[in-house]
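Engineer: This is the structure I have questions about; it appears just below.
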Amino acid sequence: MNARTGTVMGGALHDHRHGLVGWSIAVALAATMYTVFYPSIGVTKFEVMLDTMPAFARVMGFDAIVSASGYVGATVYSLLGALLVLVCAISLGARLIAGDEEAGTLELDFAAPVPRIRVYLERLAVLWLTVLVLVLSITTTLLILSVMLDLGLAPMKLVATSGGLLLFGGGLGTVAYAVGAATGRRSTGIAAASSLATVAYLFNYLSPLIDAPWMETCSPFSWYIGHEPLLNGFDPGGLALLAALAVVVGVAGWVPFRRRDLMV
């Protein structure tokens, strides 16, 4: 008889509960640190700063920071907030199967007993639930700060941006998870996802500099933030591409995992 549904997910969540709390606090603090800085400078000072910047800065989109929405989008959602979510998602994704396999603890799930497909799907669900909690932490923090500091951030546009961050972070985490599950190597999963994230960032920022629009078209980071959802709202096309990336990679990781001899 197989163990009931949710056994694997519950065990994995229990194992990683302290990390989840720590990461949630970290992203909330990052969002707070950047956001509270905005009123202390003021729009006028930002405009003065931009006047002294070279054309490169404007091409990079730094001129958007003169508004609260543009500033939060360029800092929290494009820089440290997104980076922290990615680091957590990629490291956790690589650890959930490959890391536990290398440590010799993955066998505990199969001793339950649990079908391999459930191990794969329930541990993947832990990854996405973790990213969801981090994104909710950022969103809640920004909603509170928007009211306290009178920033005027539109709630639905915050939701749109956070939805993109969920799919972006979850998708890159799924890359690490799937590659790790397919190879049994945590380092390989981290390397694959980190390389894709780096290329995605570079393509998004280099595209306007070298007049290569195809780079933005191919960049998951551009799918997430290129539409500037905190200013313009939902981008169905970008969200669909991010969701498709996660599904395709997840399926691609399952195919070799179901047939591979596990190191347990």
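Order determines the names: the first chain of the structure tokens is A, the second B, and so forth; residues in each chain are numbered 1 upward, and ligands are numbered 1 upward as they are shown.
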Give me the residues within 9 Å of Leu151 in chain A as a CSV table (one decimal) with N, CA, C and O atoms, in the first residue's frame, counting only C-alpha atoms and dropping any in the same chain fewer than 4 places off.

Structural biologist:
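Output (around00.csv):
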chain,number,residue,atom,x,y,z
A,39,PRO,N,11.4,57.8,-0.5
A,39,PRO,CA,11.0,59.1,0.0
A,39,PRO,C,12.1,60.0,0.5
A,39,PRO,O,12.0,61.3,0.5
A,67,SER,N,9.7,57.8,-10.6
A,67,SER,CA,8.4,57.5,-10.0
A,67,SER,C,8.5,56.3,-9.0
A,67,SER,O,9.4,55.5,-9.1
A,68,ALA,N,7.6,56.3,-8.0
A,68,ALA,CA,7.7,55.2,-7.0
A,68,ALA,C,7.6,53.8,-7.6
A,68,ALA,O,8.3,52.9,-7.3
A,69,SER,N,6.6,53.7,-8.6
A,69,SER,CA,6.4,52.4,-9.2
A,69,SER,C,7.7,52.0,-10.0
A,69,SER,O,8.1,50.8,-10.0
A,145,LEU,N,4.0,49.2,2.9
A,145,LEU,CA,4.8,50.3,2.8
A,145,LEU,C,4.2,51.4,1.8
A,145,LEU,O,4.4,52.6,2.0
A,146,SER,N,3.5,50.9,0.8
A,146,SER,CA,2.8,51.8,-0.1
A,146,SER,C,1.8,52.7,0.6
A,146,SER,O,1.7,53.9,0.4
A,147,VAL,N,1.1,52.1,1.6
A,147,VAL,CA,0.1,52.9,2.3
A,147,VAL,C,0.9,53.8,3.4
A,147,VAL,O,0.5,55.0,3.5

Engineer: Report as an NGL selection string all protein, DNA and RNA residues lying within 7 Å of range 243-260 of chain A, evaluated on only C-alpha atoms, omitting residues in the same chain fewer than 5 positions from it.

Structural biologist: :A and (116 or 167 or 171 or 174-175 or 178-179 or 181-182)

Engineer: I need the chosen residues saved as a compact mmCIF listing (two decimals), in the first residue's frame, with N, CA and C atoms.

Structural biologist:
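Listing of result04.txt after writing:
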# COMPACT_ATOMS: atom_id res chain seq x y z
N ARG A 116 7.55 6.73 -7.69
CA ARG A 116 8.56 7.71 -8.06
C ARG A 116 7.93 8.99 -8.59
N LEU A 167 6.54 33.09 -11.33
CA LEU A 167 6.81 32.22 -12.47
C LEU A 167 8.28 32.25 -12.87
N GLY A 171 10.25 29.03 -12.26
CA GLY A 171 10.75 28.42 -13.49
C GLY A 171 12.23 28.12 -13.44
N THR A 174 12.83 25.34 -11.14
CA THR A 174 12.47 24.07 -11.77
C THR A 174 13.58 23.57 -12.68
N VAL A 175 14.29 24.49 -13.31
CA VAL A 175 15.44 24.09 -14.13
C VAL A 175 16.47 23.37 -13.25
N ALA A 178 14.93 19.97 -12.14
CA ALA A 178 14.85 18.97 -13.20
C ALA A 178 16.22 18.45 -13.61
N VAL A 179 17.18 19.35 -13.76
CA VAL A 179 18.54 18.93 -14.13
C VAL A 179 19.15 18.08 -13.02
N ALA A 181 17.49 16.27 -10.84
CA ALA A 181 16.80 14.98 -10.83
C ALA A 181 17.27 14.09 -11.98
N ALA A 182 17.54 14.68 -13.11
CA ALA A 182 17.95 13.92 -14.29
C ALA A 182 19.38 13.39 -14.16

Engineer: If we count only C-alpha atoms, what is near Leu202 in chain A at a cut-off of 12 Å, once residues fewer than 3 positions away on the same chain are taken out, given as a ChimeraX atom specification?

Structural biologist: /A:60,195-199,205-210,212,215-216,218-222

Engineer: Measuring between only C-alpha atoms, which one of A:Gly233, A:Gly180, A:Leu20, A:Gly238 shows the shortest distance to Glu102 in chain A?

Structural biologist: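 Using only C-alpha atoms, the shortest distance to Glu102 in chain A belongs to A:Gly180.
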
Engineer: When DSSP is applied to the backbone of this structure, which of range 52-183 of chain A are assigned alpha helix (DSSP H)? Write them out as a ChimeraX atom specification.

Structural biologist: /A:55-59,68-72,80-94,100-103,107-110,116-148,155-183

Engineer: Give me the residues within 7 Å of Ala94 in chain A as a list of chain:residue names, counting only C-alpha atoms and dropping any in the same chain fewer than 3 places off.

Structural biologist: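 Skipping anything fewer than 3 positions along the chain leaves A:Ile90, A:Ser91, A:Ile97, A:Ala98, A:Gly99, A:Ala176, A:Tyr177, A:Gly180, A:Arg186, A:Gly189, A:Ile190.
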
Engineer: With all heavy atoms kept, could you save the residues just selected as a PDB file, in the first residue's frame?

Structural biologist:
ATOM      1  N   ILE A  90      16.813  28.329  -6.818  1.00  0.00           N
ATOM      2  CA  ILE A  90      17.799  27.491  -7.506  1.00  0.00           C
ATOM      3  C   ILE A  90      18.492  26.548  -6.522  1.00  0.00           C
ATOM      4  O   ILE A  90      18.657  25.354  -6.791  1.00  0.00           O
ATOM      5  CB  ILE A  90      18.818  28.367  -8.248  1.00  0.00           C
ATOM      6  CG1 ILE A  90      18.148  29.063  -9.435  1.00  0.00           C
ATOM      7  CG2 ILE A  90      20.006  27.537  -8.729  1.00  0.00           C
ATOM      8  CD1 ILE A  90      19.023  30.083 -10.143  1.00  0.00           C
ATOM      9  N   SER A  91      18.891  27.080  -5.375  1.00  0.00           N
ATOM     10  CA  SER A  91      19.576  26.224  -4.398  1.00  0.00           C
ATOM     11  C   SER A  91      18.641  25.156  -3.849  1.00  0.00           C
ATOM     12  O   SER A  91      19.028  23.983  -3.705  1.00  0.00           O
ATOM     13  CB  SER A  91      20.141  27.072  -3.257  1.00  0.00           C
ATOM     14  OG  SER A  91      19.117  27.789  -2.585  1.00  0.00           O
ATOM     15  N   ILE A  97      15.960  16.945  -4.776  1.00  0.00           N
ATOM     16  CA  ILE A  97      16.166  15.552  -5.185  1.00  0.00           C
ATOM     17  C   ILE A  97      17.661  15.232  -5.247  1.00  0.00           C
ATOM     18  O   ILE A  97      18.137  14.328  -4.556  1.00  0.00           O
ATOM     19  CB  ILE A  97      15.498  15.251  -6.533  1.00  0.00           C
ATOM     20  CG1 ILE A  97      13.987  15.115  -6.344  1.00  0.00           C
ATOM     21  CG2 ILE A  97      16.053  13.954  -7.139  1.00  0.00           C
ATOM     22  CD1 ILE A  97      13.219  14.707  -7.583  1.00  0.00           C
ATOM     23  N   ALA A  98      18.406  15.965  -6.048  1.00  0.00           N
ATOM     24  CA  ALA A  98      19.818  15.649  -6.238  1.00  0.00           C
ATOM     25  C   ALA A  98      20.603  15.770  -4.935  1.00  0.00           C
ATOM     26  O   ALA A  98      21.447  14.919  -4.618  1.00  0.00           O
ATOM     27  CB  ALA A  98      20.423  16.560  -7.306  1.00  0.00           C
ATOM     28  N   GLY A  99      20.330  16.821  -4.166  1.00  0.00           N
ATOM     29  CA  GLY A  99      21.050  16.998  -2.918  1.00  0.00           C
ATOM     30  C   GLY A  99      20.763  15.888  -1.922  1.00  0.00           C
ATOM     31  O   GLY A  99      21.674  15.356  -1.278  1.00  0.00           O
ATOM     32  N   ALA A 176      16.799  23.978 -12.107  1.00  0.00           N
ATOM     33  CA  ALA A 176      17.757  23.348 -11.188  1.00  0.00           C
ATOM     34  C   ALA A 176      17.227  22.014 -10.685  1.00  0.00           C
ATOM     35  O   ALA A 176      17.977  21.025 -10.581  1.00  0.00           O
ATOM     36  CB  ALA A 176      18.035  24.281 -10.013  1.00  0.00           C
ATOM     37  N   TYR A 177      15.959  21.980 -10.381  1.00  0.00           N
ATOM     38  CA  TYR A 177      15.325  20.759  -9.875  1.00  0.00           C
ATOM     39  C   TYR A 177      15.358  19.647 -10.920  1.00  0.00           C
ATOM     40  O   TYR A 177      15.753  18.512 -10.629  1.00  0.00           O
ATOM     41  CB  TYR A 177      13.880  21.077  -9.497  1.00  0.00           C
ATOM     42  CG  TYR A 177      13.077  19.914  -8.969  1.00  0.00           C
ATOM     43  CD1 TYR A 177      13.124  19.581  -7.619  1.00  0.00           C
ATOM     44  CD2 TYR A 177      12.248  19.167  -9.798  1.00  0.00           C
ATOM     45  CE1 TYR A 177      12.374  18.526  -7.118  1.00  0.00           C
ATOM     46  CE2 TYR A 177      11.497  18.115  -9.316  1.00  0.00           C
ATOM     47  CZ  TYR A 177      11.564  17.796  -7.971  1.00  0.00           C
ATOM     48  OH  TYR A 177      10.813  16.749  -7.484  1.00  0.00           O
ATOM     49  N   GLY A 180      18.917  18.497 -11.781  1.00  0.00           N
ATOM     50  CA  GLY A 180      19.416  17.718 -10.659  1.00  0.00           C
ATOM     51  C   GLY A 180      18.791  16.340 -10.605  1.00  0.00           C
ATOM     52  O   GLY A 180      19.473  15.334 -10.358  1.00  0.00           O
ATOM     53  N   ARG A 186      23.691  17.723  -7.649  1.00  0.00           N
ATOM     54  CA  ARG A 186      23.207  19.030  -7.197  1.00  0.00           C
ATOM     55  C   ARG A 186      23.964  20.160  -7.877  1.00  0.00           C
ATOM     56  O   ARG A 186      23.369  21.156  -8.298  1.00  0.00           O
ATOM     57  CB  ARG A 186      23.376  19.114  -5.680  1.00  0.00           C
ATOM     58  CG  ARG A 186      22.975  20.439  -5.065  1.00  0.00           C
ATOM     59  CD  ARG A 186      23.016  20.348  -3.550  1.00  0.00           C
ATOM     60  NE  ARG A 186      22.781  21.640  -2.926  1.00  0.00           N
ATOM     61  CZ  ARG A 186      23.731  22.483  -2.564  1.00  0.00           C
ATOM     62  NH1 ARG A 186      25.019  22.144  -2.759  1.00  0.00           N
ATOM     63  NH2 ARG A 186      23.443  23.640  -2.013  1.00  0.00           N
ATOM     64  N   GLY A 189      22.697  20.869 -11.378  1.00  0.00           N
ATOM     65  CA  GLY A 189      21.433  21.599 -11.386  1.00  0.00           C
ATOM     66  C   GLY A 189      21.627  23.072 -11.118  1.00  0.00           C
ATOM     67  O   GLY A 189      21.040  23.929 -11.791  1.00  0.00           O
ATOM     68  N   ILE A 190      22.472  23.391 -10.134  1.00  0.00           N
ATOM     69  CA  ILE A 190      22.746  24.796  -9.817  1.00  0.00           C
ATOM     70  C   ILE A 190      23.429  25.484 -10.987  1.00  0.00           C
ATOM     71  O   ILE A 190      23.083  26.616 -11.352  1.00  0.00           O
ATOM     72  CB  ILE A 190      23.622  24.891  -8.553  1.00  0.00           C
ATOM     73  CG1 ILE A 190      22.827  24.450  -7.326  1.00  0.00           C
ATOM     74  CG2 ILE A 190      24.145  26.316  -8.366  1.00  0.00           C
ATOM     75  CD1 ILE A 190      23.631  24.420  -6.047  1.00  0.00           C
TER      76      ILE A 190
END

Engineer: Hey, which of A:Ile144, A:Leu166, A:Met156, A:Val27 ends up closest to Leu79 in chain A? Count only C-alpha atoms.

Structural biologist: A:Val27
